[in-house]
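Reading through the structure tokens given below for one structure.
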Amino acid sequence: MTDTSRDARADALLDVVREEHSRRLKIFLGAAPGVGKTYAMLSAARELKREGVDVVIGLVETHGRAETAALLEGLEVLPRLRLNYQGREFTEFDVDAALARKPDIMLVDELAHRNVPGSRHERRWQDINELLDAGIEVYTALNVQHLESLNDQVRRITGITVRETVPDAFLDRARDIVLVDLPPRELIDRLRQGKVYVPETAAAALDAFFSPTNLAALRELAVDTVAGHVDSDLREHMLARGGKMPVRRRVMAAIDGHAQSEYLVRVARRIAERRGAPWTVVFVDTGATLDEARRERVDTAMRLARRLGGDVSVLRGHAIADELLVHADREGVGQIILGRTRERFIARMLGRSLTQQLLRRGAHLELTIIATPVERVRARKRLRLMPIYGRRDQYIYATVVTAIAMVLAFIADRYLSVANLALIFLTAVMVVAVRTRMIVAVYTATLCFLGYNFFFAPPRYTLVIANSDDVLTVTLFFAAALICSRLATRLASQVESLRAAHDYSHALLTLGQRLSASTDADGIRHVGAAALAHALRCEVAILARDVERRLQIAANSSRTLTLTTQDLAAAEWSEQHAEAAGRFTDTLNAARCWVLPLGTEEHRFGVAALRFENHVSPDIERRSLALAMVQDIGQALERARLASELEGARVQGETERLRNALLSSVSHDLRSPLASMIGSAGTLSNYWRQLPEHERQELLDAILGEGQRLDRYIQNLLDMTRLGHGPLKLNRDWTDSAEIVASAIMRVRKLFPELRVDSTLPNETVLLFVHPALIEQALFNILENAARFSPPGEAVQVIVRVAGDRLFIDVVDRGPGIPEDERARIFDMFYSVARGDRAPQGTGLGLAICRGMIGAHGGSVEALPGNGVGTTIRISLPLPMPGDAQVHSA
């Protein structure tokens, strides 16, 4: 067995296991009303109840049948939801009550029922979908004529168009489909006995729907549907067990927006279902302007394809055959389904019809041409009638251009002696052809020929063609008209297509640029709302959860946009289920806004509510653009979430590192001096009299020194606490820089009596407007750090100089130095490497405090390499500008 077959078998096994857990639907399918679907469903429920299964009746329609109503006894029945519509009260299935009750099995009758406007979902199958998603097993009943893909066949069989339909893709969720069958003769007998409808209704039904022929055909459809479901399950289980199955290649239906488009979608669904293959519906946008009716038919067909479980795609390009073939190769399409609705005599004669191009160039593809006789009859009528296309202003324009050509020809003939006046008329034909439709160009060519032949071609003032060259002229007129208008039409279509593609790409590019500049979720939402409103020409509100987990408006493109109760309900449902809701959908379509979810099922970031002017449904391009932009906004919100989590993790890691460093520092730097002090004090307490005077003095000096060291450490901790909780309060005053340096050197000499400090000061007095104590403390910390690392006998240098508008204080030691990659880190708190101020008696805080104090004055501290050995720590402070004293004192 190859790796590919093993992978396919493993995937199939996973699919089977997954479907065993996800398929919680059982459908009782019948060929017509009255065959006993509800009776069979209730009988199965009673049997389960006897076995101890928690079964609840969500909704069952008995239609007045006593034997069916009797089966309800002993079963729990949920109360129905009451709704008011147009002044009347209706009852519907209560989805919320069912979700709250959550039994093992819920019975919901009338799968194809359309809910009362104002309900959460438009159709009952959507209510059941929500129950299935919540993990509730559902039993339901359905007549075969309500399947969406069979709608056309049912209309041909019965002459009745069924309005309440169920997408075939919904049946894919069914674990079992039970065929409830009754011979047509027995069903008709039940109907006559009043067991299906009341007598008046039964009589009408017998004359229309319930004829023996209709019932036999519907019965065959029901059997085929169940057989197809069984065949699909068989294929999956055979593949899971390693059985060989034919290669599944995608089926593609190409629609053009004419009346057969929905029919092609249903045919594609049935063919793909029989083959067990995925399927796609495509529309090729050539850039030509579509009328409103044709655009609406394309949208309707696309929505139907989605309901039936297919994929949809809009291709853009001038050559339809090229786009279909490229898409087929890219997506692994094995069969293309086309509808033949228009007569193209000239194209067929030239071998350039779409069907001939696909046959000639798509040798590896299977082409299925679906004949639609009704459309063929309409096409022939259109050919016979041959209406004049083109707007009135185009014909006026053509007439004016022809008149101008006539005037120019008269002038040329009388005053300029032009030999070939036909060129003037030919130019007029070309001018009109490049700016109008083909039929208008032909109209212009006819006028020009008549004018040229009557007024200028011998014999003049007759329509007789005496010269054979004039026949060529006529031919050239019409050839120029056809060729130029064809090229102009193609160019206009390409320009329109490129413009649409450019607008699409430009909107996404602009949105991407603005989103990349936004770093937080609020900014992304405001940018996204503004971009959606500008690109789609609609009002946009983006809703997100607040701290109380309520869905609120977080960004709004218009202050006048307010959301109704239905809008908010659609937003809640869309955010919860990660699916579109509201207007233009089948869920809560009473809302004024089209609601699209942001994010994914794993991470939800709210919804985008779009309200279009006059509630006009957006076309395919705007829908596609809206979905793409909403997806980009969701990805940007996901990026912001990840960045926030990453920053949180970084901060948490840094906090943990600082906490560990603090504990390490406290455990060492507090216990060491305390241990020394306790030891010295204990020795004095126990052996005071036995110790000589000089040893007692040494112990007392040790206690004093360690206490002072402990006091400095605690002071450093307090300074860092002040630095970490907002800016320091600076009590500035005018101070001589030399006095600060001298005071810091004096303090260091008290700690290190043997240390030699050499200072170099400016010749002139340099005044600073600073907090003297803080600058002195910072300099002291640096000097103390240098003293600890300076070798015995080596001097520490303090160099003070002025450069420009800054004062520099360099502290130079002759110690071991600091590696280049660690010089910036010595100013971090609790830096634990045994350099910087983390000497055996250091705390790791001195240089960090120094940086905070100097930074509060607008200065900086940096570590520089010494002259071959040692380290230089440089303090840089800004010199005061004239008038600083008055400003700060004020």
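So you can find residues: chains in the structure tokens are A, B, ... in the order shown, residues in each start at 1, and ligands are numbered from 1 in order.
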Residue neighbourhood stretch 451-455 of chain A, 9 Å, only C-alpha atoms, exclusion window fewer than 5 positions, as a tab-separated table (two decimals) with all heavy atoms, in the first residue's frame:
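Contents of selection.tsv, as written:
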chain	number	residue	atom	x	y	z
A	402	THR	N	-22.55	61.52	-38.84
A	402	THR	CA	-22.77	61.29	-40.27
A	402	THR	C	-23.05	62.60	-40.99
A	402	THR	O	-22.56	62.84	-42.11
A	402	THR	CB	-23.94	60.31	-40.46
A	402	THR	OG1	-23.66	59.10	-39.74
A	402	THR	CG2	-24.13	60.00	-41.93
A	406	MET	N	-21.01	64.36	-44.03
A	406	MET	CA	-21.61	64.83	-45.28
A	406	MET	C	-21.16	66.25	-45.60
A	406	MET	O	-20.80	66.57	-46.75
A	406	MET	CB	-23.14	64.77	-45.17
A	406	MET	CG	-23.68	63.35	-44.98
A	406	MET	SD	-23.82	62.43	-46.50
A	406	MET	CE	-25.19	63.28	-47.26
A	409	ALA	N	-17.64	66.28	-46.70
A	409	ALA	CA	-17.50	65.72	-48.05
A	409	ALA	C	-17.92	66.74	-49.11
A	409	ALA	O	-17.28	66.86	-50.18
A	409	ALA	CB	-18.34	64.45	-48.17
A	410	PHE	N	-19.01	67.50	-48.87
A	410	PHE	CA	-19.42	68.56	-49.81
A	410	PHE	C	-18.31	69.60	-49.96
A	410	PHE	O	-17.99	70.04	-51.07
A	410	PHE	CB	-20.71	69.22	-49.32
A	410	PHE	CG	-21.95	68.49	-49.75
A	410	PHE	CD1	-22.77	67.89	-48.81
A	410	PHE	CD2	-22.30	68.41	-51.10
A	410	PHE	CE1	-23.92	67.21	-49.20
A	410	PHE	CE2	-23.45	67.74	-51.49
A	410	PHE	CZ	-24.27	67.13	-50.55
A	421	LEU	N	-13.56	60.53	-51.66
A	421	LEU	CA	-14.38	61.05	-50.55
A	421	LEU	C	-14.83	59.94	-49.60
A	421	LEU	O	-15.29	60.23	-48.49
A	421	LEU	CB	-15.61	61.77	-51.13
A	421	LEU	CG	-15.33	63.00	-51.99
A	421	LEU	CD1	-16.64	63.54	-52.57
A	421	LEU	CD2	-14.62	64.07	-51.19
A	422	ALA	N	-14.69	58.69	-50.02
A	422	ALA	CA	-15.12	57.58	-49.16
A	422	ALA	C	-14.33	57.53	-47.86
A	422	ALA	O	-14.81	57.04	-46.83
A	422	ALA	CB	-14.98	56.26	-49.91
A	425	PHE	N	-16.12	59.35	-45.03
A	425	PHE	CA	-17.22	58.57	-44.44
A	425	PHE	C	-16.69	57.37	-43.64
A	425	PHE	O	-17.25	56.99	-42.62
A	425	PHE	CB	-18.17	58.09	-45.55
A	425	PHE	CG	-18.93	59.21	-46.18
A	425	PHE	CD1	-18.50	59.80	-47.37
A	425	PHE	CD2	-20.08	59.71	-45.58
A	425	PHE	CE1	-19.21	60.84	-47.95
A	425	PHE	CE2	-20.80	60.75	-46.17
A	425	PHE	CZ	-20.36	61.32	-47.34
A	446	THR	N	-24.49	52.23	-42.59
A	446	THR	CA	-25.58	52.28	-43.58
A	446	THR	C	-25.86	53.71	-44.02
A	446	THR	O	-26.00	54.01	-45.22
A	446	THR	CB	-26.84	51.65	-42.97
A	446	THR	OG1	-26.54	50.30	-42.56
A	446	THR	CG2	-27.96	51.61	-43.98
A	460	ARG	N	-24.69	60.29	-59.83
A	460	ARG	CA	-25.11	60.98	-58.62
A	460	ARG	C	-26.64	61.07	-58.55
A	460	ARG	O	-27.35	61.00	-59.53
A	460	ARG	CB	-24.50	62.37	-58.58
A	460	ARG	CG	-22.97	62.37	-58.51
A	460	ARG	CD	-22.40	63.70	-58.08
A	460	ARG	NE	-20.95	63.66	-57.99
A	460	ARG	CZ	-20.22	64.56	-57.34
A	460	ARG	NH1	-20.81	65.58	-56.75
A	460	ARG	NH2	-18.90	64.45	-57.31
A	461	TYR	N	-27.07	61.25	-57.30
A	461	TYR	CA	-28.49	61.43	-56.95
A	461	TYR	C	-29.34	60.20	-57.32
A	461	TYR	O	-30.52	60.29	-57.59
A	461	TYR	CB	-29.07	62.69	-57.57
A	461	TYR	CG	-28.20	63.90	-57.31
A	461	TYR	CD1	-27.52	64.53	-58.35
A	461	TYR	CD2	-28.04	64.38	-56.01
A	461	TYR	CE1	-26.71	65.63	-58.10
A	461	TYR	CE2	-27.23	65.48	-55.75
A	461	TYR	CZ	-26.55	66.09	-56.79
A	461	TYR	OH	-25.74	67.17	-56.52
A	462	THR	N	-28.65	59.06	-57.32
A	462	THR	CA	-29.34	57.77	-57.46
A	462	THR	C	-28.67	56.78	-56.53
A	462	THR	O	-27.54	57.00	-56.06
A	462	THR	CB	-29.25	57.23	-58.89
A	462	THR	OG1	-27.90	56.92	-59.20
A	462	THR	CG2	-29.80	58.24	-59.90
A	463	LEU	N	-29.34	55.69	-56.29
A	463	LEU	CA	-28.77	54.65	-55.44
A	463	LEU	C	-28.16	53.53	-56.26
A	463	LEU	O	-27.81	52.47	-55.72
A	463	LEU	CB	-29.84	54.08	-54.50
A	463	LEU	CG	-30.38	55.06	-53.46
A	463	LEU	CD1	-31.47	54.40	-52.63
A	463	LEU	CD2	-29.26	55.57	-52.56
A	464	VAL	N	-27.98	53.78	-57.54
A	464	VAL	CA	-27.38	52.78	-58.42
A	464	VAL	C	-25.87	52.76	-58.19
A	464	VAL	O	-25.23	53.80	-58.08
A	464	VAL	CB	-27.70	53.09	-59.90
A	464	VAL	CG1	-27.00	52.10	-60.82
A	464	VAL	CG2	-29.19	53.09	-60.11
A	465	ILE	N	-25.30	51.56	-58.12
A	465	ILE	CA	-23.85	51.39	-57.96
A	465	ILE	C	-23.30	51.03	-59.33
A	465	ILE	O	-23.45	49.89	-59.81
A	465	ILE	CB	-23.52	50.30	-56.93
A	465	ILE	CG1	-24.14	50.63	-55.58
A	465	ILE	CG2	-22.02	50.12	-56.81
A	465	ILE	CD1	-23.91	49.58	-54.53
A	470	ASP	N	-17.11	50.97	-55.75
A	470	ASP	CA	-18.06	51.37	-54.70
A	470	ASP	C	-18.57	50.16	-53.90
A	470	ASP	O	-18.94	50.29	-52.74
A	470	ASP	CB	-19.24	52.11	-55.33
A	470	ASP	CG	-18.81	53.46	-55.91
A	470	ASP	OD1	-17.78	53.98	-55.45
A	470	ASP	OD2	-19.51	53.97	-56.80
Q: From stretch 68-300 of chain A, collect each residue whose DSSP state is strand (DSSP E or B) and return the set as JSON, numbers by chain.
A: {"A": [76, 77, 81, 82, 83, 84, 85, 88, 89, 90, 91, 92, 105, 106, 107, 108, 114, 121, 123, 137, 138, 139, 140, 141, 142, 143, 147, 166, 174, 175, 176, 177, 178, 179, 180, 250, 251, 252, 253, 254, 255, 279, 280, 281, 282, 283, 284, 285]}
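Going from atom CA of A:Glu739 over to atom CA of A:Gly859, you cover 18.7 Å.
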(Q) So that I can check the surroundings of A:Ile633, please list as a PyMOL selection string every protein, DNA and RNA residue that reaches within 9 Å of it, counting only C-alpha atoms and ignoring chain neighbours fewer than 5 positions away. (A) chain A and resi 511-512+515+524-525+527-528+598-599+628+638
Q: Would you please work out which residue, of A:Ser860, A:His121, A:Ile396, A:Leu25, is nearest to A:Arg583 when using only C-alpha atoms?
A: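 Of A:Ser860, A:His121, A:Ile396, A:Leu25, the one nearest A:Arg583 is A:His121, counting only C-alpha atoms.
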Q. So which one's closest to A:Phe28, A:Gln86, A:Thr735, A:Thr510, A:Ser43? Using only C-alpha atoms, please.
A.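 Closest to A:Phe28 of all the choices is A:Ser43.
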Q: Rounded to one decimal place, report the atom CA of A:Ser211-atom CA of A:His63 distance in Å.
A: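 So the two atoms, atom CA of A:Ser211 and atom CA of A:His63, lie 21.3 Å apart.
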